[in-house]
file data-v6.txt (compact mmCIF, C-alpha atoms)
# COMPACT_ATOMS: atom_id res chain seq x y z
CA MET A 1 39.17 46.89 102.94
CA ASN A 2 35.82 45.41 103.91
CA ILE A 3 34.11 43.84 100.91
CA ILE A 4 30.74 42.11 100.64
CA ILE A 5 30.16 39.72 97.74
CA ALA A 6 26.48 38.95 97.20
CA GLY A 7 26.47 35.63 95.36
CA ALA A 8 28.56 32.47 95.76
CA GLY A 9 28.47 31.22 92.18
CA GLN A 10 31.44 31.06 89.81
CA VAL A 11 31.76 34.86 89.66
CA GLY A 12 31.50 35.27 93.42
CA PHE A 13 33.99 32.49 94.08
CA ASN A 14 36.63 33.90 91.72
CA LEU A 15 36.22 37.41 93.13
CA ALA A 16 36.54 36.08 96.68
CA LYS A 17 39.60 34.04 95.68
CA THR A 18 41.47 37.18 94.59
CA LEU A 19 40.09 39.75 97.02
CA SER A 20 40.36 37.66 100.20
CA ARG A 21 44.18 37.65 99.96
CA ASP A 22 44.46 41.24 101.20
CA ASN A 23 40.95 42.21 102.34
CA ASP A 24 38.22 41.20 104.76
CA VAL A 25 35.63 39.52 102.56
CA ILE A 26 32.05 38.53 103.41
CA VAL A 27 30.19 36.23 101.01
CA ILE A 28 26.39 36.02 101.22
CA ASP A 29 24.28 33.35 99.50
CA GLN A 30 21.26 31.22 100.31
CA ASN A 31 22.87 28.20 98.63
CA GLN A 32 24.47 26.52 101.65
CA GLN A 33 26.47 24.06 99.53
CA ALA A 34 28.03 26.75 97.32
CA LEU A 35 28.80 28.88 100.37
CA ALA A 36 30.44 25.97 102.19
CA ALA A 37 32.64 25.24 99.15
CA ILE A 38 34.01 28.81 99.25
CA ALA A 39 34.46 28.82 103.04
CA GLU A 40 36.42 25.54 102.91
CA THR A 41 39.09 26.94 100.60
CA LEU A 42 39.16 30.68 101.28
CA ASP A 43 39.58 32.94 104.30
CA ILE A 44 36.16 34.62 104.15
CA LEU A 45 33.16 35.17 106.42
CA PRO A 46 30.21 33.16 105.00
CA ILE A 47 26.64 34.29 105.65
CA ASN A 48 23.87 31.93 104.60
CA GLY A 49 20.69 33.73 103.56
CA ASP A 50 18.77 35.71 100.94
CA ILE A 51 20.74 38.79 99.81
CA LYS A 52 17.43 40.65 99.36
CA ASN A 53 16.44 40.15 103.01
CA PRO A 54 17.26 43.17 105.22
CA LEU A 55 17.66 40.91 108.27
CA ILE A 56 20.59 39.08 106.69
CA TYR A 57 22.79 42.15 107.33
CA GLU A 58 21.86 42.36 111.02
CA ASN A 59 25.17 41.01 112.37
CA ILE A 60 27.41 43.30 110.28
CA LEU A 61 25.70 46.65 110.85
CA GLU A 62 28.74 48.05 112.61
CA LYS A 63 31.04 47.46 109.62
CA GLU A 64 31.90 50.17 107.12
CA ILE A 65 31.78 48.48 103.71
CA ASP A 66 34.23 49.70 101.08
CA PHE A 67 32.70 47.68 98.23
CA PHE A 68 29.37 45.89 97.88
CA LEU A 69 29.51 43.53 94.89
CA ALA A 70 26.19 42.06 93.73
CA VAL A 71 27.08 39.29 91.29
CA THR A 72 24.29 36.71 91.21
CA ASN A 73 22.79 35.60 87.90
CA SER A 74 19.61 37.60 88.60
CA ASP A 75 19.38 41.31 87.74
CA GLU A 76 16.45 41.74 90.12
CA ALA A 77 18.25 40.10 93.05
CA ASN A 78 21.36 42.19 92.44
CA LEU A 79 19.41 45.46 92.24
CA ILE A 80 17.32 44.78 95.34
CA SER A 81 20.33 43.65 97.36
CA ILE A 82 22.16 46.91 96.61
CA ILE A 83 19.14 48.99 97.65
CA VAL A 84 18.73 47.00 100.89
CA ALA A 85 22.46 46.99 101.69
CA GLN A 86 22.75 50.76 101.25
CA ASP A 87 19.77 51.26 103.51
CA ARG A 88 21.16 48.96 106.22
CA LEU A 89 24.90 49.51 105.93
CA GLU A 90 27.47 52.23 105.33
CA VAL A 91 28.49 51.34 101.76
CA LYS A 92 31.14 53.47 100.05
CA LYS A 93 30.86 51.98 96.56
CA SER A 94 28.53 49.46 94.92
CA ILE A 95 29.19 47.42 91.77
CA LEU A 96 26.75 44.99 90.24
CA ARG A 97 26.56 42.48 87.45
CA LEU A 98 23.72 43.07 84.99
CA LYS A 99 22.32 41.52 81.83
CA ASN A 100 19.57 44.02 81.03
CA ARG A 101 21.03 47.31 79.80
CA TYR A 102 17.84 49.17 80.77
CA PHE A 103 18.88 49.02 84.42
CA GLY A 104 22.21 50.62 83.54
CA ASN A 105 20.52 53.79 82.34
CA SER A 106 22.28 56.74 84.01
CA SER A 107 19.15 58.07 85.73
CA LEU A 108 18.25 54.63 87.05
CA LYS A 109 21.80 54.10 88.25
CA ARG A 110 21.52 57.24 90.34
CA LYS A 111 18.12 56.22 91.72
CA PHE A 112 19.38 52.77 92.67
CA GLY A 113 22.63 54.15 94.07
CA ILE A 114 24.76 52.11 91.68
CA ASP A 115 28.33 53.32 91.28
CA SER A 116 29.23 50.92 88.49
CA ALA A 117 27.46 48.25 86.44
CA VAL A 118 29.16 45.43 84.51
CA PHE A 119 27.45 44.11 81.38
CA ALA A 120 29.55 41.04 80.72
CA ILE A 121 27.85 39.87 77.54
CA ASP A 122 28.51 43.31 76.03
CA ILE A 123 32.18 43.09 77.02
CA THR A 124 32.59 39.69 75.34
CA SER A 125 30.70 40.60 72.15
CA LYS A 126 32.63 43.89 71.74
CA THR A 127 35.91 42.06 72.28
CA ILE A 128 35.07 39.81 69.34
CA SER A 129 34.09 42.81 67.22
CA ASN A 130 37.45 44.45 67.97
CA LEU A 131 39.26 41.28 66.95
CA LEU A 132 37.86 41.56 63.43
CA LYS A 133 39.81 44.79 62.96
CA TYR A 134 42.98 42.77 63.57
CA PRO A 135 42.47 39.47 61.73
CA LYS A 136 45.48 37.82 63.38
CA ALA A 137 45.03 39.27 66.86
CA ASN A 138 44.16 37.11 69.85
CA ASN A 139 42.93 40.04 71.94
CA VAL A 140 42.55 43.80 71.74
CA LYS A 141 42.37 46.24 74.67
CA GLN A 142 41.65 49.94 74.41
CA PHE A 143 42.20 52.65 77.01
CA GLU A 144 40.41 55.74 78.23
CA TYR A 145 43.51 57.92 78.50
CA THR A 146 45.23 57.17 75.18
CA ASP A 147 44.56 55.94 71.65
CA LYS A 148 47.38 53.40 72.04
CA GLU A 149 46.12 49.82 72.07
CA LEU A 150 47.23 46.55 73.62
CA ILE A 151 47.07 43.73 71.08
CA SER A 152 48.20 40.12 71.42
CA ILE A 153 49.54 38.30 68.36
CA LYS A 154 50.49 34.64 67.84
CA VAL A 155 53.90 34.38 66.12
CA THR A 156 53.63 31.87 63.26
CA LYS A 157 55.66 33.23 60.35
CA ILE A 158 59.23 32.53 61.52
CA ASN A 159 61.23 29.30 61.79
CA GLY A 160 63.50 30.23 64.68
CA PRO A 161 64.35 32.97 67.21
CA VAL A 162 64.29 36.51 65.81
CA GLU A 163 65.31 39.79 67.45
CA VAL A 164 62.68 42.53 67.06
CA PHE A 165 63.38 46.26 67.09
CA PRO A 166 60.03 47.91 68.00
CA LYS A 167 59.04 51.15 66.32
CA GLY A 168 55.85 52.90 67.38
CA TYR A 169 55.01 50.10 69.79
CA GLU A 170 56.53 48.21 72.71
CA ILE A 171 56.63 44.50 73.53
CA VAL A 172 55.01 44.37 76.97
CA GLY A 173 54.49 40.64 77.33
CA ILE A 174 55.52 37.27 75.95
CA GLU A 175 53.69 34.04 76.75
CA ARG A 176 55.87 31.08 75.84
CA ASN A 177 55.31 27.45 76.84
CA ARG A 178 52.69 28.60 79.38
CA GLU A 179 55.23 30.94 81.03
CA PHE A 180 54.69 34.71 80.98
CA ILE A 181 57.30 37.47 81.10
CA ILE A 182 57.33 41.22 80.51
CA PRO A 183 60.74 41.78 78.86
CA ALA A 184 62.74 44.92 79.65
CA LYS A 185 65.48 44.49 77.07
CA ASN A 186 65.40 41.07 75.43
CA ARG A 187 63.33 41.43 72.26
CA ILE A 188 63.84 37.86 71.03
CA ILE A 189 60.63 36.25 69.78
CA GLU A 190 60.16 32.60 68.87
CA PRO A 191 57.67 30.58 66.80
CA GLY A 192 54.48 29.95 68.76
CA ASP A 193 54.97 32.92 71.13
CA LEU A 194 51.93 34.95 72.09
CA ILE A 195 53.26 38.52 71.95
CA TYR A 196 51.58 41.47 73.68
CA LEU A 197 52.18 44.74 71.85
CA PHE A 198 51.30 48.19 73.19
CA GLY A 199 51.31 51.18 70.90
CA ASP A 200 50.21 52.57 67.57
CA LYS A 201 47.73 50.29 65.80
CA ILE A 202 49.16 51.01 62.35
CA GLU A 203 52.65 49.95 63.44
CA ILE A 204 51.19 46.87 65.12
CA HIS A 205 49.51 46.01 61.81
CA HIS A 206 52.99 46.00 60.25
CA PHE A 207 54.19 43.57 62.93
CA CYS A 208 51.21 41.33 62.14
CA LYS A 209 52.06 41.24 58.45
CA GLU A 210 55.65 40.28 59.16
CA TYR A 211 55.24 37.70 61.90
CA ALA A 212 51.67 36.34 61.70
CA SER A 213 50.98 34.10 58.69
CA ASP A 214 48.02 34.40 56.32
CA TYR A 215 47.41 37.99 57.34
CA THR A 216 44.22 39.20 55.68
CA SER A 217 41.66 41.90 56.26
CA ASP A 218 38.79 40.02 54.56
CA ASN A 219 36.54 39.07 57.45
CA GLN A 220 33.12 39.59 55.92
CA ASN A 221 31.65 36.10 56.28
CA ILE A 222 31.11 34.93 59.85
CA VAL A 223 29.54 31.76 61.23
CA ILE A 224 28.47 31.65 64.90
CA PHE A 225 27.78 28.37 66.65
CA SER A 226 25.12 29.31 69.23
CA ALA A 227 21.71 30.95 69.00
CA ASP A 228 21.50 31.71 72.70
CA GLU A 229 21.99 35.09 74.37
CA MET A 230 25.74 35.22 73.72
CA GLY A 231 25.44 34.28 70.07
CA ILE A 232 22.72 36.90 69.52
CA ALA A 233 24.81 39.61 71.23
CA ILE A 234 27.82 38.81 69.03
CA ALA A 235 25.67 38.88 65.90
CA LYS A 236 24.20 42.28 66.86
CA GLU A 237 27.67 43.71 67.37
CA LEU A 238 28.95 42.35 64.05
CA LEU A 239 25.90 43.62 62.16
CA LYS A 240 27.09 47.13 63.03
CA GLU A 241 30.16 46.34 60.93
CA GLU A 242 27.92 45.09 58.07
CA LYS A 243 29.15 41.51 58.25
CA ASP A 244 27.46 38.57 56.52
CA ILE A 245 26.49 36.33 59.44
CA LYS A 246 25.14 32.81 59.81
CA ILE A 247 24.09 31.34 63.14
CA VAL A 248 23.97 27.57 63.69
CA ASP A 249 22.16 25.87 66.58
CA ASN A 250 20.48 22.50 67.15
CA ASP A 251 17.68 23.99 69.26
CA ILE A 252 14.79 25.06 67.02
CA ASN A 253 13.25 27.29 69.70
CA LYS A 254 16.50 29.19 70.19
CA CYS A 255 16.73 29.62 66.43
CA LYS A 256 13.23 31.13 66.30
CA ILE A 257 14.01 33.55 69.14
CA ALA A 258 17.31 34.57 67.52
CA ASN A 259 15.57 35.21 64.21
CA GLU A 260 13.04 37.49 65.93
CA ARG A 261 15.59 39.42 67.97
CA LEU A 262 17.88 39.88 64.97
CA GLU A 263 14.91 40.96 62.81
CA GLY A 264 15.72 38.50 60.04
CA LYS A 265 19.06 40.20 59.26
CA VAL A 266 21.04 37.03 59.96
CA THR A 267 20.76 33.59 58.35
CA ILE A 268 19.68 31.14 61.06
CA LEU A 269 20.44 27.45 60.47
CA ASN A 270 18.90 24.72 62.59
CA SER A 271 20.88 21.49 62.62
CA LYS A 272 19.33 18.92 64.92
CA TYR A 273 21.99 16.22 64.76
CA SER A 274 25.15 17.39 62.97
CA THR A 275 26.66 20.48 61.40
CA ILE A 276 29.11 18.64 59.10
CA HIS A 277 26.83 18.70 56.02
CA LEU A 278 26.26 22.45 56.44
CA TYR A 279 29.80 23.22 55.35
CA ASP A 280 28.89 22.17 51.82
CA ASP A 281 25.08 22.52 51.80
CA GLU A 282 25.00 26.02 53.32
CA GLY A 283 28.45 27.22 52.33
CA LEU A 284 29.91 27.41 55.83
CA LYS A 285 33.28 26.35 54.38
CA HIS A 286 33.52 29.79 52.76
CA ALA A 287 33.38 31.59 56.12
CA ASP A 288 36.36 33.77 57.04
CA ILE A 289 35.82 33.26 60.79
CA ALA A 290 34.01 30.68 62.92
CA ILE A 291 32.95 31.64 66.45
CA ALA A 292 31.92 28.97 68.96
CA ALA A 293 29.93 30.86 71.59
CA THR A 294 28.14 28.27 73.72
CA LYS A 295 28.51 27.87 77.50
CA ASN A 296 30.21 24.48 76.98
CA ASP A 297 33.98 24.84 76.44
CA GLU A 298 34.42 21.28 75.21
CA TYR A 299 31.74 21.80 72.56
CA ASN A 300 33.34 25.13 71.58
CA ILE A 301 36.69 23.41 71.11
CA ILE A 302 35.12 20.68 68.94
CA LYS A 303 33.32 23.23 66.76
CA CYS A 304 36.53 25.24 66.29
CA LEU A 305 38.58 22.17 65.34
CA GLU A 306 35.82 21.04 62.99
CA ALA A 307 35.86 24.48 61.32
CA LYS A 308 39.67 24.48 61.00
CA GLU A 309 39.59 21.03 59.43
CA ARG A 310 37.19 22.33 56.78
CA GLY A 311 39.39 25.26 55.85
CA ILE A 312 38.22 28.17 58.00
CA LYS A 313 41.45 29.94 58.85
CA LYS A 314 40.46 31.83 62.00
CA VAL A 315 38.44 30.22 64.77
CA ILE A 316 37.37 31.88 68.01
CA ALA A 317 36.10 30.13 71.13
CA ILE A 318 34.35 31.63 74.13
CA ASN A 319 36.25 30.44 77.21
CA ASN A 320 33.98 29.87 80.21
CA ASP A 321 36.26 27.70 82.36
CA LEU A 322 39.86 28.80 83.05
CA GLU A 323 41.01 25.16 82.96
CA TYR A 324 40.49 25.12 79.18
CA TYR A 325 42.32 28.39 78.47
CA SER A 326 45.78 26.93 77.80
CA LEU A 327 44.37 23.99 75.84
CA MET A 328 42.49 26.32 73.52
CA HIS A 329 45.64 28.34 72.88
CA SER A 330 47.70 25.22 72.19
CA LEU A 331 45.17 24.12 69.55
CA GLY A 332 45.51 27.37 67.61
CA ILE A 333 42.16 28.71 68.77
CA VAL A 334 41.72 32.42 69.50
CA VAL A 335 40.35 32.65 73.03
CA VAL A 336 37.84 35.24 74.22
CA ARG A 337 36.85 35.32 77.86
CA GLY A 338 33.26 34.29 78.51
CA PRO A 339 30.79 36.55 80.36
CA LYS A 340 31.52 35.18 83.84
CA ILE A 341 35.29 35.53 83.55
CA ALA A 342 34.85 38.94 81.90
CA THR A 343 32.70 40.02 84.86
CA VAL A 344 35.39 39.02 87.37
CA ASN A 345 38.12 40.86 85.47
CA ALA A 346 35.99 43.99 84.97
CA ILE A 347 35.09 44.19 88.67
CA LEU A 348 38.69 43.66 89.78
CA GLU A 349 39.81 46.41 87.40
CA ASN A 350 37.08 48.70 88.75
CA ILE A 351 38.06 48.11 92.38
CA ASN A 352 41.66 49.04 91.61
CA SER A 353 40.75 52.12 89.57
CA ASP A 354 39.55 55.58 90.55
CA ASP A 355 39.35 59.09 89.08
CA ALA A 356 43.15 59.31 88.95
CA VAL A 357 44.26 55.79 88.02
CA ILE A 358 42.81 53.06 85.83
CA LYS A 359 43.78 49.39 85.90
CA LYS A 360 43.61 46.73 83.19
CA ILE A 361 44.34 43.01 83.30
CA PHE A 362 45.84 41.01 80.43
CA CYS A 363 47.12 37.50 79.73
CA GLY A 364 44.48 35.97 81.99
CA GLY A 365 45.54 38.13 84.94
CA LYS A 366 49.26 37.35 84.66
CA GLY A 367 49.86 40.89 83.45
CA GLN A 368 48.63 44.13 85.06
CA ILE A 369 48.53 47.68 83.70
CA TYR A 370 48.18 50.87 85.75
CA MET A 371 47.69 54.21 83.98
CA ARG A 372 47.53 57.74 85.30
CA LYS A 373 46.91 60.92 83.34
CA VAL A 374 48.36 64.31 84.24
CA TYR A 375 45.41 66.66 83.78
CA GLU A 376 45.36 70.45 83.47
CA ASN A 377 46.15 72.10 86.85
CA SER A 378 47.41 68.78 88.24
CA SER A 379 49.78 69.11 91.20
CA LEU A 380 52.12 66.73 89.33
CA ILE A 381 52.97 69.24 86.58
CA GLY A 382 56.64 70.24 86.85
CA ILE A 383 57.32 67.73 89.60
CA HIS A 384 60.47 65.60 89.47
CA VAL A 385 59.34 61.99 89.86
CA LYS A 386 61.70 59.16 90.64
CA VAL A 387 60.65 56.27 88.44
CA LEU A 388 60.67 52.57 89.21
CA LYS A 389 63.72 50.59 88.22
CA TYR A 390 63.24 49.50 84.61
CA ARG A 391 63.51 45.71 84.66
CA ASP A 392 61.88 42.49 83.52
CA ASN A 393 58.25 42.27 84.66
CA LEU A 394 58.13 45.95 85.62
CA LEU A 395 58.14 48.48 82.75
CA THR A 396 57.31 52.17 83.09
CA PHE A 397 56.44 54.44 80.15
CA VAL A 398 55.30 57.99 79.60
CA ILE A 399 53.04 58.64 76.62
CA ARG A 400 53.76 62.21 75.56
CA ASP A 401 52.78 63.91 72.27
CA GLY A 402 51.82 60.54 70.83
CA GLN A 403 55.20 58.98 71.62
CA ILE A 404 55.93 56.13 74.05
CA ILE A 405 58.98 57.08 76.12
CA HIS A 406 60.90 54.66 78.34
CA CYS A 407 61.23 55.78 81.94
CA ASP A 408 64.52 54.59 83.40
CA ASP A 409 65.47 57.64 85.46
CA ALA A 410 63.81 60.65 87.12
CA MET A 411 61.30 62.50 84.97
CA ILE A 412 59.46 65.80 85.03
CA CYS A 413 55.70 65.49 84.55
CA GLU A 414 54.00 67.60 81.92
CA GLU A 415 50.35 68.38 81.32
CA GLY A 416 48.74 65.70 79.18
CA ASP A 417 51.25 62.99 80.08
CA VAL A 418 49.90 59.46 80.48
CA ILE A 419 52.06 57.40 82.82
CA ALA A 420 51.78 53.64 82.34
CA VAL A 421 53.21 50.75 84.34
CA PHE A 422 53.18 47.16 83.05
CA CYS A 423 53.91 44.50 85.66
CA ASN A 424 53.31 40.88 86.58
CA GLU A 425 51.43 39.68 89.67
CA GLU A 426 54.61 39.54 91.75
CA ASN A 427 55.40 43.23 91.20
CA GLU A 428 51.83 44.54 91.22
CA GLU A 429 51.87 46.00 94.73
CA GLU A 430 55.07 47.95 94.04
CA ALA A 431 53.67 49.32 90.75
CA LYS A 432 50.33 50.22 92.32
CA ASN A 433 51.86 52.05 95.28
CA TRP A 434 54.22 53.98 93.01
CA ILE A 435 51.61 55.25 90.55
CA TYR A 436 49.13 56.21 93.29
CA ASN A 437 51.81 58.13 95.21
CA LEU A 438 53.50 60.04 92.39
CA GLY A 439 54.96 63.29 93.63
CA GLN A 440 54.74 62.33 97.30
call {"tool": "encode", "arguments": {"input": "data-v6.txt", "output": "C-alpha cells"}}
result
Amino acid sequence: MNIIIAGAGQVGFNLAKTLSRDNDVIVIDQNQQALAAIAETLDILPINGDIKNPLIYENILEKEIDFFLAVTNSDEANLISIIVAQDRLEVKKSILRLKNRYFGNSSLKRKFGIDSAVFAIDITSKTISNLLKYPKANNVKQFEYTDKELISIKVTKINGPVEVFPKGYEIVGIERNREFIIPAKNRIIEPGDLIYLFGDKIEIHHFCKEYASDYTSDNQNIVIFSADEMGIAIAKELLKEEKDIKIVDNDINKCKIANERLEGKVTILNSKYSTIHLYDDEGLKHADIAIAATKNDEYNIIKCLEAKERGIKKVIAINNDLEYYSLMHSLGIVVVRGPKIATVNAILENINSDDAVIKKIFCGGKGQIYMRKVYENSSLIGIHVKVLKYRDNLLTFVIRDGQIIHCDDAMICEEGDVIAVFCNEENEEEAKNWIYNLGQ
C-alpha cells in the first residue's frame, strides 16, 4: 500500500516504524531534523515541507494513496492537510489525530472528507474508567461484535505454579519475565504472571477473586496527579461514575483552569513544592486509587511509588515512553498507554480493519486479535471452513450463542457467529490472511 504520514513527531515515527515494513511510506514534515531522524533508521520517502501547502504534494501526484494519516499535534494542521491532500491526490482513506471533539462531529467529518478520527485523550481516560470496574485489572478491552471482554490480571495470590481450568473465559496470553506467549493447551500460571483473559466478565471476576490479592470493588476515592488536559479528561470521565476525586498539581494556573473546566465538582489541590504532607493534611492516604497522569514517565513512577508507600493499594501510571513500560509493570504499577501511544495503536487497528473484520492490539502490540462477524445473508452461512491449526501463539474461536468454542477442525458458519483469532506478531500475517479469506 501507499501511505502518507503527515507529521514526523513521536506518533508519526512509530507509525512509520511499523507500516514501512510492508508498505511504501511517505513522511512529510517541515522539521528537517525530525524528518532526517526517521529517514536514517527507516525505509521511507521523506518530504520536507508544510503539510498544509498544496505545492508539497507536487512530486507525488501520480501516486494513488491508500491511507493519508494526519498526526501532528495541531488539529488545524491535520484538518487542512487532509483537505489539501484530497484535492491534490487520489486518497482512498484518511485518518487524523484530533484533540477537539467538535471537529469529529459526523456532519463536519463528511464535509472535511474524514474517514476516521482518533481522539487519543478520550481513549486513555475511558481506559482508566473501565479499569475501575475491575479493581485488579491492568487493562480492559471491549469489542464491537461481542459482549465478551479482554482483561489482563496480575497474578499475586498464589505461591507457586497452578493449573487453571477456564470456565466462561479463555486464557489468551501470558506475559512472564518480559516474555509473551498465547498458550494453546498449557494452563499453568505462576506468581507475577500478567494473564490475559477473554470471555464473560462475571467469570473473569471470579478469577480475579481467586488469583489477585486484595480484591475489592470499593474505588470511590480517587487522587489524580496532574491538572493538565489529561488529568481533566480523566476526572470528567470518572465524574460520570460519581467518584470522589482530588486533583494535585504544583502549577497554580493549571489548577485554576482545571477548577473552571470541572465546574468546581472536583477538589483541586495546589502543592508548589511537595505532595508528601497532603497525604495527612488533605486525606490523600485514604484514596482507593492514585493516578499519575503527567507527560513525564519518571515523575509518574515516583508519584505511584510514593502513593504505594503511603498505603494506596492500586496505583495507575500513564505511560508515554515505551522504554518505561516494563519497568512500570515490574514495580507493581498498573500501566495505561498515554495519548501518543494510544493514537498509534488506534490508527494501526483502523488500517487493518474494515466493514468485515476488526483488529485489536494487546500486550503492547505483542498480541493481535482479528474478529469477523457472520451477518444475516452472509455468503459464509452454511460454508465449511477449514480452520487454522490450533497451536501456541495462534488460537481460533467461534463465539456462538454466548459460548466460546475452540476451533481445531473444519467448522460450518452460522448466522451471528463471531470468529476470533488471537496471535502473536510472528503469526499475524497467517491469521490475517485466513480471516479475510474465509470461504474462499
call {"tool": "atom_distance", "arguments": {"input": "data-v6.txt", "atom1": "CA of Asn139 in chain A", "atom2": "CA of Ser152 in chain A"}}
result
5.3 Å
call {"tool": "closest_residue", "arguments": {"input": "data-v6.txt", "among": "A:Glu229, A:Lys157, A:Ile174, A:Lys92", "to": "Asp392 in chain A", "atoms": "all atoms listed in the file"}}
result
A:Ile174
call {"tool": "axis_aligned_box", "arguments": {"input": "data-v6.txt", "around": "range 205-214 of chain A", "padding_each_side": "3 Å", "output": "JSON"}}
result
{"center_x": 51.8, "center_y": 40.1, "center_z": 59.6, "size_x": 13.6, "size_y": 17.9, "size_z": 12.6}
call {"tool": "residues_around", "arguments": {"input": "data-v6.txt", "residues": "Ser81 in chain A", "least_positions_apart": "5", "cutoff": "9 Å", "atoms": "only C-alpha atoms", "output": "list in words"}}
result
Ala6, Asp50, Ile51, Lys52, Asn53, Pro54, Ala70, Glu76 and Gln86 of chain A
call {"tool": "closest_residue", "arguments": {"input": "data-v6.txt", "among": "A:Asp22, A:Asp244, A:Glu323, A:Glu90", "to": "Ile289 in chain A", "atoms": "all atoms listed in the file"}}
result
A:Asp244
call {"tool": "residues_around", "arguments": {"input": "data-v6.txt", "residues": "range 404-407 of chain A", "least_positions_apart": "3", "cutoff": "8 Å", "atoms": "all atoms listed in the file", "output": "PDB file with C-alpha atoms, in the frame of the given file"}}
result
ATOM      1  CA  GLY A 168      55.850  52.900  67.380  1.00  0.00           C
ATOM      2  CA  TYR A 169      55.010  50.100  69.790  1.00  0.00           C
ATOM      3  CA  GLY A 199      51.310  51.180  70.900  1.00  0.00           C
ATOM      4  CA  VAL A 387      60.650  56.270  88.440  1.00  0.00           C
ATOM      5  CA  LEU A 388      60.670  52.570  89.210  1.00  0.00           C
ATOM      6  CA  TYR A 390      63.240  49.500  84.610  1.00  0.00           C
ATOM      7  CA  LEU A 395      58.140  48.480  82.750  1.00  0.00           C
ATOM      8  CA  THR A 396      57.310  52.170  83.090  1.00  0.00           C
ATOM      9  CA  PHE A 397      56.440  54.440  80.150  1.00  0.00           C
ATOM     10  CA  VAL A 398      55.300  57.990  79.600  1.00  0.00           C
ATOM     11  CA  ILE A 399      53.040  58.640  76.620  1.00  0.00           C
ATOM     12  CA  ARG A 400      53.760  62.210  75.560  1.00  0.00           C
ATOM     13  CA  ALA A 410      63.810  60.650  87.120  1.00  0.00           C
ATOM     14  CA  MET A 411      61.300  62.500  84.970  1.00  0.00           C
TER      15      MET A 411
END
call {"tool": "residues_around", "arguments": {"input": "data-v6.txt", "residues": "Phe225 in chain A", "least_positions_apart": "5", "cutoff": "8 Å", "atoms": "only C-alpha atoms", "output": "list in words"}}
result
Gly231, Ile247, Val248, Asp249, Ala290, Ile291, Ala292, Ala293, Thr294 and Lys303 of chain A
call {"tool": "atom_distance", "arguments": {"input": "data-v6.txt", "atom1": "CA of Ile383 in chain A", "atom2": "CA of Asp355 in chain A"}}
result
19.9 Å
call {"tool": "residues_around", "arguments": {"input": "data-v6.txt", "residues": "range 250-260 of chain A", "least_positions_apart": "5", "cutoff": "10 Å", "atoms": "all atoms listed in the file", "output": "MDAnalysis selection string"}}
result
chainID A and resid 225:229 231:233 235 265:275
call {"tool": "atom_distance", "arguments": {"input": "data-v6.txt", "atom1": "CA of Asp297 in chain A", "atom2": "CA of Ser125 in chain A"}}
result
16.7 Å
call {"tool": "closest_residue", "arguments": {"input": "data-v6.txt", "among": "A:Val162, A:Ile95, A:Ile114, A:Ile83", "to": "Glu349 in chain A", "atoms": "all atoms listed in the file"}}
result
A:Ile95
call {"tool": "residues_around", "arguments": {"input": "data-v6.txt", "residues": "Glu298 in chain A", "least_positions_apart": "4", "cutoff": "12 Å", "atoms": "all atoms listed in the file", "output": "list in words"}}
result
Ala292, Ala293, Thr294, Ile302, Lys303, Cys304, Leu305, Ala317, Ile318, Asn319, Asn320, Asp321, Glu323, Tyr324, Tyr325, Leu327 and Met328 of chain A
call {"tool": "closest_residue", "arguments": {"input": "data-v6.txt", "among": "A:Leu194, A:Ile419, A:Ala137, A:Ile5", "to": "Thr72 in chain A", "atoms": "all atoms listed in the file"}}
result
A:Ile5
call {"tool": "closest_residue", "arguments": {"input": "data-v6.txt", "among": "A:Cys208, A:Val172, A:Val25, A:Val334", "to": "Ile369 in chain A", "atoms": "all atoms listed in the file"}}
result
A:Val172
call {"tool": "closest_residue", "arguments": {"input": "data-v6.txt", "among": "A:Ile171, A:Leu284, A:Ile435, A:Leu239", "to": "Ser353 in chain A", "atoms": "all atoms listed in the file"}}
result
A:Ile435
call {"tool": "decode", "arguments": {"input": "data-v6.txt", "residues": "range 326-336 of chain A", "atoms": "N, CA and C atoms", "output": "PDB file, in the first residue's frame"}}
result
ATOM      1  N   SER A 326       7.987  -1.774  30.760  1.00  0.00           N
ATOM      2  CA  SER A 326       8.343  -2.956  31.553  1.00  0.00           C
ATOM      3  C   SER A 326       8.713  -2.579  32.979  1.00  0.00           C
ATOM      4  N   LEU A 327       9.402  -1.442  33.145  1.00  0.00           N
ATOM      5  CA  LEU A 327       9.782  -1.003  34.487  1.00  0.00           C
ATOM      6  C   LEU A 327       8.549  -0.732  35.331  1.00  0.00           C
ATOM      7  N   MET A 328       7.574  -0.070  34.756  1.00  0.00           N
ATOM      8  CA  MET A 328       6.339   0.213  35.492  1.00  0.00           C
ATOM      9  C   MET A 328       5.667  -1.076  35.952  1.00  0.00           C
ATOM     10  N   HIS A 329       5.579  -2.046  35.047  1.00  0.00           N
ATOM     11  CA  HIS A 329       4.982  -3.333  35.410  1.00  0.00           C
ATOM     12  C   HIS A 329       5.748  -3.998  36.546  1.00  0.00           C
ATOM     13  N   SER A 330       7.068  -3.986  36.462  1.00  0.00           N
ATOM     14  CA  SER A 330       7.884  -4.668  37.472  1.00  0.00           C
ATOM     15  C   SER A 330       7.740  -4.032  38.850  1.00  0.00           C
ATOM     16  N   LEU A 331       7.335  -2.776  38.902  1.00  0.00           N
ATOM     17  CA  LEU A 331       7.173  -2.063  40.167  1.00  0.00           C
ATOM     18  C   LEU A 331       5.756  -2.188  40.729  1.00  0.00           C
ATOM     19  N   GLY A 332       4.942  -3.002  40.088  1.00  0.00           N
ATOM     20  CA  GLY A 332       3.578  -3.199  40.571  1.00  0.00           C
ATOM     21  C   GLY A 332       2.643  -2.056  40.237  1.00  0.00           C
ATOM     22  N   ILE A 333       2.974  -1.314  39.191  1.00  0.00           N
ATOM     23  CA  ILE A 333       2.154  -0.189  38.756  1.00  0.00           C
ATOM     24  C   ILE A 333       1.272  -0.633  37.591  1.00  0.00           C
ATOM     25  N   VAL A 334      -0.007  -0.292  37.644  1.00  0.00           N
ATOM     26  CA  VAL A 334      -0.896  -0.558  36.513  1.00  0.00           C
ATOM     27  C   VAL A 334      -0.582   0.475  35.432  1.00  0.00           C
ATOM     28  N   VAL A 335      -0.362  -0.006  34.220  1.00  0.00           N
ATOM     29  CA  VAL A 335       0.098   0.863  33.136  1.00  0.00           C
ATOM     30  C   VAL A 335      -1.038   1.119  32.142  1.00  0.00           C
ATOM     31  N   VAL A 336      -1.257   2.389  31.842  1.00  0.00           N
ATOM     32  CA  VAL A 336      -2.231   2.774  30.819  1.00  0.00           C
ATOM     33  C   VAL A 336      -1.489   3.574  29.759  1.00  0.00           C
TER      34      VAL A 336
END
